[in-house]
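As stored in upload_31.cif (mmCIF, C-alpha atoms; chains and numbers go by the auth columns):
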data_run
loop_
_atom_site.group_PDB
_atom_site.id
_atom_site.type_symbol
_atom_site.label_atom_id
_atom_site.label_comp_id
_atom_site.label_asym_id
_atom_site.label_seq_id
_atom_site.Cartn_x
_atom_site.Cartn_y
_atom_site.Cartn_z
_atom_site.B_iso_or_equiv
_atom_site.auth_seq_id
_atom_site.auth_asym_id
ATOM 1 C CA MET A 1 95.509 102.975 131.801 0.00 1 A
ATOM 2 C CA GLN A 2 92.904 105.616 130.944 0.00 2 A
ATOM 3 C CA ARG A 3 93.764 108.029 128.172 0.00 3 A
ATOM 4 C CA PRO A 4 93.933 111.619 129.511 0.00 4 A
ATOM 5 C CA SER A 5 91.428 114.163 128.256 0.00 5 A
ATOM 6 C CA LEU A 6 92.941 116.811 125.999 0.00 6 A
ATOM 7 C CA LEU A 7 89.742 118.685 125.176 0.00 7 A
ATOM 8 C CA THR A 8 89.987 121.768 127.357 0.00 8 A
ATOM 9 C CA ALA A 9 87.464 124.584 127.056 0.00 9 A
ATOM 10 C CA SER A 10 89.709 126.562 124.698 0.00 10 A
ATOM 11 C CA ALA A 11 91.121 123.619 122.722 0.00 11 A
ATOM 12 C CA ASP A 12 90.537 123.200 118.990 0.00 12 A
ATOM 13 C CA PRO A 13 88.916 119.755 118.430 0.00 13 A
ATOM 14 C CA GLN A 14 90.848 119.285 115.172 0.00 14 A
ATOM 15 C CA GLU A 15 94.221 119.806 116.871 0.00 15 A
ATOM 16 C CA VAL A 16 93.148 117.616 119.804 0.00 16 A
ATOM 17 C CA LEU A 17 92.277 114.835 117.365 0.00 17 A
ATOM 18 C CA PHE A 18 95.772 114.967 115.844 0.00 18 A
ATOM 19 C CA HIS A 19 97.320 114.862 119.323 0.00 19 A
ATOM 20 C CA HIS A 20 95.245 111.826 120.306 0.00 20 A
ATOM 21 C CA PHE A 21 96.719 110.059 117.270 0.00 21 A
ATOM 22 C CA ASN A 22 100.193 111.156 118.402 0.00 22 A
ATOM 23 C CA VAL A 23 100.912 113.388 115.399 0.00 23 A
ATOM 24 C CA LEU A 24 101.022 117.126 114.757 0.00 24 A
ATOM 25 C CA LYS A 25 98.433 118.865 112.608 0.00 25 A
ATOM 26 C CA PRO A 26 100.036 120.010 109.322 0.00 26 A
ATOM 27 C CA SER A 27 100.614 123.738 109.218 0.00 27 A
ATOM 28 C CA ILE A 28 99.615 124.044 105.547 0.00 28 A
ATOM 29 C CA LEU A 29 96.434 122.637 104.017 0.00 29 A
ATOM 30 C CA PRO A 30 96.982 121.337 100.467 0.00 30 A
ATOM 31 C CA THR A 31 94.716 122.878 97.842 0.00 31 A
ATOM 32 C CA GLU A 32 94.301 119.518 96.102 0.00 32 A
ATOM 33 C CA ILE A 33 94.198 116.013 97.547 0.00 33 A
ATOM 34 C CA PRO A 34 97.748 114.616 97.595 0.00 34 A
ATOM 35 C CA ALA A 35 98.392 110.879 97.399 0.00 35 A
ATOM 36 C CA THR A 36 100.263 110.976 100.732 0.00 36 A
ATOM 37 C CA ILE A 37 101.168 113.415 103.476 0.00 37 A
ATOM 38 C CA GLU A 38 103.986 113.492 106.028 0.00 38 A
ATOM 39 C CA LEU A 39 103.101 113.982 109.710 0.00 39 A
ATOM 40 C CA SER A 40 105.458 114.699 112.598 0.00 40 A
ATOM 41 C CA VAL A 41 105.179 112.046 115.321 0.00 41 A
ATOM 42 C CA LEU A 42 104.981 113.596 118.790 0.00 42 A
ATOM 43 C CA ARG A 43 106.319 110.733 120.920 0.00 43 A
ATOM 44 C CA ALA A 44 107.629 107.223 120.412 0.00 44 A
ATOM 45 C CA PRO A 45 104.540 105.118 119.520 0.00 45 A
ATOM 46 C CA HIS A 46 105.235 102.444 122.159 0.00 46 A
ATOM 47 C CA THR A 47 104.914 105.076 124.928 0.00 47 A
ATOM 48 C CA ILE A 48 101.305 105.940 124.032 0.00 48 A
ATOM 49 C CA PRO A 49 98.701 103.560 125.507 0.00 49 A
ATOM 50 C CA GLY A 50 95.459 102.836 123.732 0.00 50 A
ATOM 51 C CA THR A 51 95.585 104.680 120.411 0.00 51 A
ATOM 52 C CA PRO A 52 97.632 103.585 117.383 0.00 52 A
ATOM 53 C CA LEU A 53 99.201 105.968 114.919 0.00 53 A
ATOM 54 C CA PRO A 54 96.879 106.980 112.068 0.00 54 A
ATOM 55 C CA THR A 55 96.711 104.770 109.004 0.00 55 A
ATOM 56 C CA HIS A 56 95.223 107.537 106.822 0.00 56 A
ATOM 57 C CA VAL A 57 94.473 111.233 106.678 0.00 57 A
ATOM 58 C CA LEU A 58 90.995 112.196 105.534 0.00 58 A
ATOM 59 C CA PHE A 59 90.550 115.163 103.192 0.00 59 A
ATOM 60 C CA VAL A 60 87.074 116.131 104.401 0.00 60 A
ATOM 61 C CA GLU A 61 84.658 118.067 102.220 0.00 61 A
ATOM 62 C CA SER A 62 80.896 118.508 101.891 0.00 62 A
ATOM 63 C CA HIS A 63 78.522 118.590 98.944 0.00 63 A
ATOM 64 C CA LEU A 64 75.919 120.344 101.123 0.00 64 A
ATOM 65 C CA SER A 65 77.853 123.398 102.294 0.00 65 A
ATOM 66 C CA SER A 66 80.687 125.714 101.331 0.00 66 A
ATOM 67 C CA ALA A 67 82.694 124.853 104.456 0.00 67 A
ATOM 68 C CA ALA A 68 86.451 124.743 103.934 0.00 68 A
ATOM 69 C CA PRO A 69 87.956 121.247 103.659 0.00 69 A
ATOM 70 C CA LEU A 70 89.622 119.710 106.701 0.00 70 A
ATOM 71 C CA LEU A 71 92.479 117.279 107.202 0.00 71 A
ATOM 72 C CA LEU A 72 91.747 114.698 109.907 0.00 72 A
ATOM 73 C CA PRO A 73 93.799 111.676 111.032 0.00 73 A
ATOM 74 C CA ILE A 74 92.093 108.299 111.354 0.00 74 A
ATOM 75 C CA HIS A 75 92.909 104.657 111.947 0.00 75 A
ATOM 76 C CA SER A 76 90.971 102.410 109.573 0.00 76 A
ATOM 77 C CA GLY A 77 90.412 99.678 112.173 0.00 77 A
ATOM 78 C CA LEU A 78 89.105 102.122 114.752 0.00 78 A
ATOM 79 C CA TYR A 79 86.840 103.667 112.128 0.00 79 A
ATOM 80 C CA ALA A 80 85.410 100.267 111.168 0.00 80 A
ATOM 81 C CA ALA A 81 84.627 99.499 114.815 0.00 81 A
ATOM 82 C CA THR A 82 82.870 102.836 115.303 0.00 82 A
ATOM 83 C CA PHE A 83 80.873 103.655 112.175 0.00 83 A
ATOM 84 C CA ARG A 84 78.543 101.628 109.958 0.00 84 A
ATOM 85 C CA ALA A 85 79.426 103.648 106.841 0.00 85 A
ATOM 86 C CA ASP A 86 82.160 102.004 104.771 0.00 86 A
ATOM 87 C CA PHE A 87 85.703 103.298 105.080 0.00 87 A
ATOM 88 C CA PRO A 88 86.569 104.979 101.760 0.00 88 A
ATOM 89 C CA ALA A 89 90.110 103.620 101.302 0.00 89 A
ATOM 90 C CA THR A 90 90.812 101.429 98.292 0.00 90 A
ATOM 91 C CA GLU A 91 93.132 98.465 97.908 0.00 91 A
ATOM 92 C CA SER A 92 95.475 100.661 95.881 0.00 92 A
ATOM 93 C CA SER A 93 96.062 103.043 98.816 0.00 93 A
ATOM 94 C CA PRO A 94 99.722 103.044 99.923 0.00 94 A
ATOM 95 C CA LEU A 95 100.562 101.750 103.392 0.00 95 A
ATOM 96 C CA PRO A 96 101.569 104.115 106.198 0.00 96 A
ATOM 97 C CA VAL A 97 105.278 104.083 106.991 0.00 97 A
ATOM 98 C CA ILE A 98 107.656 105.829 109.376 0.00 98 A
ATOM 99 C CA LEU A 99 110.449 107.272 107.277 0.00 99 A
ATOM 100 C CA PRO A 100 113.895 105.859 108.163 0.00 100 A
ATOM 101 C CA ASN A 101 115.849 107.718 110.855 0.00 101 A
ATOM 102 C CA THR A 102 113.085 110.295 111.367 0.00 102 A
ATOM 103 C CA HIS A 103 110.048 111.010 113.535 0.00 103 A
ATOM 104 C CA THR A 104 107.945 111.413 110.410 0.00 104 A
ATOM 105 C CA LEU A 105 104.967 109.257 109.465 0.00 105 A
ATOM 106 C CA LYS A 106 103.970 109.085 105.787 0.00 106 A
ATOM 107 C CA VAL A 107 100.305 108.159 105.323 0.00 107 A
ATOM 108 C CA PRO A 108 97.865 108.031 102.395 0.00 108 A
ATOM 109 C CA VAL A 109 95.312 110.810 101.994 0.00 109 A
ATOM 110 C CA ILE A 110 91.781 109.916 100.922 0.00 110 A
ATOM 111 C CA ALA A 111 88.724 111.966 100.024 0.00 111 A
ATOM 112 C CA PHE A 112 85.944 111.871 102.595 0.00 112 A
ATOM 113 C CA CYS A 113 82.559 113.544 102.247 0.00 113 A
ATOM 114 C CA VAL A 114 80.197 114.367 105.123 0.00 114 A
ATOM 115 C CA PRO A 115 77.286 116.797 105.438 0.00 115 A
ATOM 116 C CA HIS A 116 79.090 119.161 107.847 0.00 116 A
ATOM 117 C CA PRO A 117 82.918 119.069 108.047 0.00 117 A
ATOM 118 C CA PRO A 118 83.323 121.647 110.867 0.00 118 A
ATOM 119 C CA THR A 119 81.698 119.379 113.478 0.00 119 A
ATOM 120 C CA LEU A 120 83.423 116.162 112.385 0.00 120 A
ATOM 121 C CA PRO A 121 86.536 116.555 114.610 0.00 121 A
ATOM 122 C CA LEU A 122 84.340 116.859 117.706 0.00 122 A
ATOM 123 C CA LEU A 123 82.218 113.893 116.648 0.00 123 A
ATOM 124 C CA PHE A 124 85.330 111.780 116.048 0.00 124 A
ATOM 125 C CA LEU A 125 86.719 112.590 119.500 0.00 125 A
ATOM 126 C CA PHE A 126 83.660 111.210 121.283 0.00 126 A
ATOM 127 C CA ALA A 127 82.382 108.558 118.854 0.00 127 A
ATOM 128 C CA LEU A 128 85.847 106.982 118.543 0.00 128 A
ATOM 129 C CA GLY A 129 86.211 106.979 122.329 0.00 129 A
ATOM 130 C CA LEU A 130 89.353 109.119 122.235 0.00 130 A
ATOM 131 C CA GLU A 131 88.106 111.547 124.869 0.00 131 A
ATOM 132 C CA SER A 132 87.811 110.067 128.357 0.00 132 A
ATOM 133 C CA SER A 133 85.541 112.872 129.587 0.00 133 A
ATOM 134 C CA PRO A 134 81.851 111.976 130.011 0.00 134 A
ATOM 135 C CA HIS A 135 79.550 112.365 127.051 0.00 135 A
ATOM 136 C CA THR A 136 77.910 115.269 128.889 0.00 136 A
ATOM 137 C CA GLU A 137 81.028 117.247 127.945 0.00 137 A
ATOM 138 C CA LEU A 138 79.901 116.907 124.340 0.00 138 A
ATOM 139 C CA ALA A 139 76.624 118.588 125.270 0.00 139 A
ATOM 140 C CA TYR A 140 78.533 121.559 126.699 0.00 140 A
ATOM 141 C CA ARG A 141 80.362 121.841 123.375 0.00 141 A
ATOM 142 C CA LEU A 142 77.081 122.037 121.472 0.00 142 A
ATOM 143 C CA LEU A 143 74.880 124.085 123.823 0.00 143 A
ATOM 144 C CA PRO A 144 75.405 126.992 126.265 0.00 144 A
ATOM 145 C CA PRO A 145 75.833 125.939 129.930 0.00 145 A
ATOM 146 C CA SER A 146 72.562 127.662 130.877 0.00 146 A
ATOM 147 C CA VAL A 147 70.740 125.330 128.492 0.00 147 A
ATOM 148 C CA VAL A 148 72.510 122.118 129.533 0.00 148 A
ATOM 149 C CA GLU A 149 71.781 122.882 133.190 0.00 149 A
ATOM 150 C CA GLU A 150 68.055 122.472 132.483 0.00 150 A
ATOM 151 C CA PHE A 151 68.546 118.821 131.437 0.00 151 A
ATOM 152 C CA PRO A 152 66.507 116.561 131.392 0.00 152 A
ATOM 153 C CA ASN A 153 63.664 119.077 130.991 0.00 153 A
ATOM 154 C CA SER A 154 63.818 119.476 127.211 0.00 154 A
ATOM 155 C CA ALA A 155 61.020 122.065 127.147 0.00 155 A
ATOM 156 C CA ALA A 156 62.945 124.266 129.573 0.00 156 A
ATOM 157 C CA MET A 157 66.145 123.717 127.586 0.00 157 A
ATOM 158 C CA SER A 158 64.460 124.931 124.400 0.00 158 A
ATOM 159 C CA ALA A 159 62.885 127.917 126.158 0.00 159 A
ATOM 160 C CA VAL A 160 66.281 129.049 127.465 0.00 160 A
ATOM 161 C CA LEU A 161 67.995 128.436 124.137 0.00 161 A
ATOM 162 C CA ALA A 162 65.360 130.465 122.275 0.00 162 A
ATOM 163 C CA ARG A 163 66.614 133.553 124.124 0.00 163 A
ATOM 164 C CA VAL A 164 70.275 132.998 123.206 0.00 164 A
ATOM 165 C CA ALA A 165 71.582 135.585 120.746 0.00 165 A
ATOM 166 C CA GLU A 166 73.646 133.124 118.677 0.00 166 A
ATOM 167 C CA LEU A 167 70.755 130.706 118.149 0.00 167 A
ATOM 168 C CA GLU A 168 71.031 130.664 114.347 0.00 168 A
ATOM 169 C CA THR A 169 74.706 129.740 114.542 0.00 169 A
ATOM 170 C CA LEU A 170 73.852 126.900 116.933 0.00 170 A
ATOM 171 C CA VAL A 171 71.074 125.711 114.625 0.00 171 A
ATOM 172 C CA GLU A 172 73.512 125.375 111.726 0.00 172 A
ATOM 173 C CA ARG A 173 76.155 123.625 113.848 0.00 173 A
ATOM 174 C CA ASN A 174 73.865 121.219 115.684 0.00 174 A
ATOM 175 C CA GLU A 175 71.954 120.242 112.559 0.00 175 A
ATOM 176 C CA GLY A 176 75.301 119.611 110.880 0.00 176 A
ATOM 177 C CA MET A 177 76.466 117.421 113.751 0.00 177 A
ATOM 178 C CA TRP A 178 73.224 115.405 113.651 0.00 178 A
ATOM 179 C CA ARG A 179 73.496 114.960 109.871 0.00 179 A
ATOM 180 C CA ASN A 180 77.046 113.653 110.344 0.00 180 A
ATOM 181 C CA VAL A 181 75.841 111.153 112.959 0.00 181 A
ATOM 182 C CA LEU A 182 73.193 109.832 110.576 0.00 182 A
ATOM 183 C CA ALA A 183 75.469 109.783 107.525 0.00 183 A
ATOM 184 C CA LEU A 184 78.261 107.854 109.265 0.00 184 A
ATOM 185 C CA GLY A 185 76.057 105.478 111.249 0.00 185 A
ATOM 186 C CA VAL A 186 77.612 106.078 114.678 0.00 186 A
ATOM 187 C CA SER A 187 77.508 102.861 116.710 0.00 187 A
ATOM 188 C CA ASP A 188 77.795 104.460 120.178 0.00 188 A
ATOM 189 C CA GLY A 189 74.170 104.725 121.283 0.00 189 A
ATOM 190 C CA LYS A 190 74.938 107.325 123.955 0.00 190 A
ATOM 191 C CA VAL A 191 76.499 109.666 121.403 0.00 191 A
ATOM 192 C CA VAL A 192 73.554 109.160 119.015 0.00 192 A
ATOM 193 C CA GLU A 193 71.020 109.831 121.777 0.00 193 A
ATOM 194 C CA LEU A 194 72.838 112.903 123.054 0.00 194 A
ATOM 195 C CA VAL A 195 73.299 114.536 119.652 0.00 195 A
ATOM 196 C CA GLY A 196 69.697 113.679 118.745 0.00 196 A
ATOM 197 C CA THR A 197 68.465 115.347 121.924 0.00 197 A
ATOM 198 C CA VAL A 198 70.614 118.414 121.288 0.00 198 A
ATOM 199 C CA TRP A 199 69.205 118.769 117.782 0.00 199 A
ATOM 200 C CA SER A 200 65.595 118.304 118.974 0.00 200 A
ATOM 201 C CA VAL A 201 66.084 120.979 121.631 0.00 201 A
ATOM 202 C CA THR A 202 67.688 123.300 119.077 0.00 202 A
ATOM 203 C CA LYS A 203 64.882 122.825 116.545 0.00 203 A
ATOM 204 C CA GLU A 204 62.260 123.579 119.180 0.00 204 A
ATOM 205 C CA ALA A 205 64.156 126.688 120.266 0.00 205 A
ATOM 206 C CA ARG A 206 64.126 127.914 116.675 0.00 206 A
ATOM 207 C CA ARG A 207 60.375 127.298 116.521 0.00 207 A
ATOM 208 C CA ILE A 208 59.840 129.220 119.761 0.00 208 A
ATOM 209 C CA ARG A 209 61.987 132.100 118.491 0.00 209 A
ATOM 210 C CA GLY A 210 60.004 132.214 115.241 0.00 210 A
ATOM 211 C CA ARG A 211 56.680 132.218 117.091 0.00 211 A
ATOM 212 C CA PHE A 212 57.864 135.036 119.332 0.00 212 A
ATOM 213 C CA GLN A 213 59.110 137.143 116.412 0.00 213 A
ATOM 214 C CA GLY A 214 55.958 136.486 114.424 0.00 214 A
ATOM 215 C CA GLY A 215 53.804 137.747 117.306 0.00 215 A
ATOM 216 C CA ARG A 216 55.463 141.138 117.448 0.00 216 A
#
Give the structure from this file in structure tokens form.
Amino acid sequence: MQRPSLLTASADPQEVLFHHFNVLKPSILPTEIPATIELSVLRAPHTIPGTPLPTHVLFVESHLSSAAPLLLPIHSGLYAATFRADFPATESSPLPVILPNTHTLKVPVIAFCVPHPPTLPLLFLFALGLESSPHTELAYRLLPPSVVEEFPNSAAMSAVLARVAELETLVERNEGMWRNVLALGVSDGKVVELVGTVWSVTKEARRIRGRFQGGR
């Protein structure tokens, strides 16, 4: 049974990630990394095909940017099958447990560092195979539709993107996504190729924009 897509155009990838793991996103972000955190389980685990409950929550930060930390659910086995970078949990980490007579899951929280935390939820959704929508949907999350519609003509894609007002914002986001892909060692070749293409197109658009501005 195919897992339904939850990533609508207006959906927050972080909240979608929590829903795919059958838990609610915590309403309050801790200021320091706690040893454990309690998550509300949405539905009885045996009714959800395909994805197990999370074994950990990642407290995601970056040494390269001032982006606010994120909390993201993850299953250690699914992580190991998806990324070449080692999972950061230690043998001393407590085991996840559903608290007696509740719909509450208590899981360990571990520090996790990536180059660009804001794009990690979106990367997890596609690299972990949680979203059933085609990988082209990832492209529409990273580039304007007018740019994606020029695929596979990368020169035309860059030329269109160079005229987009929010280019600098897209440069920061798409470079961050590509740095995350490289840092984690994503094993899905289609995701690696797509994000690499998006970043190449974005870099070229920035070059075109700079050439145009310099010629004024």
message: Using all atoms listed in the file, can you tell me which of A:Glu38, A:Asn174, A:Asn180, A:Arg209 comes closest to A:Ala85?
response: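 Among the listed residues, A:Asn180 lies closest to A:Ala85.
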Please define a box with edges along x, y and z of the file around all atoms of stretch 185-189 of chain A given in the file, extend it by 4 Å on each side, and return its centre and edge lengths in Å to one decimal, as lines of an AutoDock Vina configuration file.
center_x = 76.0
center_y = 104.5
center_z = 116.3
size_x = 11.6
size_y = 11.2
size_z = 18.0
message: I want to know what sits within 9 Å of stretch 115-131 of chain A, based on all atoms listed in the file, with residues of the same chain fewer than 4 positions away left out; could you give that as a PyMOL selection string?
response: chain A and resi 3-7+12-17+20-21+50-51+60-65+67-70+72+74+78-79+81-83+135+138+141+173-177+179-181+183+186-188+191-192
Excluding same-chain residues fewer than 3 positions from A:Ala111, what lies within 12 Å of it counting only C-alpha atoms, as an mmCIF file with C-alpha atoms, in the frame of the given file?
data_model
loop_
_atom_site.group_PDB
_atom_site.id
_atom_site.type_symbol
_atom_site.label_atom_id
_atom_site.label_comp_id
_atom_site.auth_asym_id
_atom_site.auth_seq_id
_atom_site.Cartn_x
_atom_site.Cartn_y
_atom_site.Cartn_z
ATOM 1 C CA GLU A 32 94.301 119.518 96.102
ATOM 2 C CA ILE A 33 94.198 116.013 97.547
ATOM 3 C CA PRO A 34 97.748 114.616 97.595
ATOM 4 C CA ALA A 35 98.392 110.879 97.399
ATOM 5 C CA THR A 36 100.263 110.976 100.732
ATOM 6 C CA HIS A 56 95.223 107.537 106.822
ATOM 7 C CA VAL A 57 94.473 111.233 106.678
ATOM 8 C CA LEU A 58 90.995 112.196 105.534
ATOM 9 C CA PHE A 59 90.550 115.163 103.192
ATOM 10 C CA VAL A 60 87.074 116.131 104.401
ATOM 11 C CA GLU A 61 84.658 118.067 102.220
ATOM 12 C CA SER A 62 80.896 118.508 101.891
ATOM 13 C CA PRO A 69 87.956 121.247 103.659
ATOM 14 C CA LEU A 70 89.622 119.710 106.701
ATOM 15 C CA LEU A 71 92.479 117.279 107.202
ATOM 16 C CA LEU A 72 91.747 114.698 109.907
ATOM 17 C CA PHE A 87 85.703 103.298 105.080
ATOM 18 C CA PRO A 88 86.569 104.979 101.760
ATOM 19 C CA ALA A 89 90.110 103.620 101.302
ATOM 20 C CA THR A 90 90.812 101.429 98.292
ATOM 21 C CA SER A 93 96.062 103.043 98.816
ATOM 22 C CA PRO A 108 97.865 108.031 102.395
ATOM 23 C CA VAL A 114 80.197 114.367 105.123
#
field: Picked residues, the PyMOL selection byres ((chain A and resi 146) around 12), expected as a list in words
entry: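 Those residues are Ala139, Tyr140, Leu142, Leu143, Pro144, Pro145, Val147, Val148, Glu149, Glu150, Phe151, Ala156, Met157, Ser158, Ala159, Val160, Leu161, Ala162, Arg163 and Val164 of chain A.
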Writer output for current selection, C-alpha atoms, as a compact mmCIF listing (two decimals), in the coordinates of the input:
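This went into part.txt:
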# COMPACT_ATOMS: atom_id res chain seq x y z
CA ALA A 139 76.62 118.59 125.27
CA TYR A 140 78.53 121.56 126.70
CA LEU A 142 77.08 122.04 121.47
CA LEU A 143 74.88 124.08 123.82
CA PRO A 144 75.40 126.99 126.26
CA PRO A 145 75.83 125.94 129.93
CA VAL A 147 70.74 125.33 128.49
CA VAL A 148 72.51 122.12 129.53
CA GLU A 149 71.78 122.88 133.19
CA GLU A 150 68.06 122.47 132.48
CA PHE A 151 68.55 118.82 131.44
CA ALA A 156 62.94 124.27 129.57
CA MET A 157 66.14 123.72 127.59
CA SER A 158 64.46 124.93 124.40
CA ALA A 159 62.88 127.92 126.16
CA VAL A 160 66.28 129.05 127.46
CA LEU A 161 68.00 128.44 124.14
CA ALA A 162 65.36 130.46 122.28
CA ARG A 163 66.61 133.55 124.12
CA VAL A 164 70.28 133.00 123.21
- request: Return the single residue from A:Ser40, A:Ser132, A:Thr197, A:Thr8 that is closest to A:Thr104, with distances computed using only C-alpha atoms.
  value: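 Looking only at the distances to A:Thr104, the closest residue turns out to be A:Ser40.
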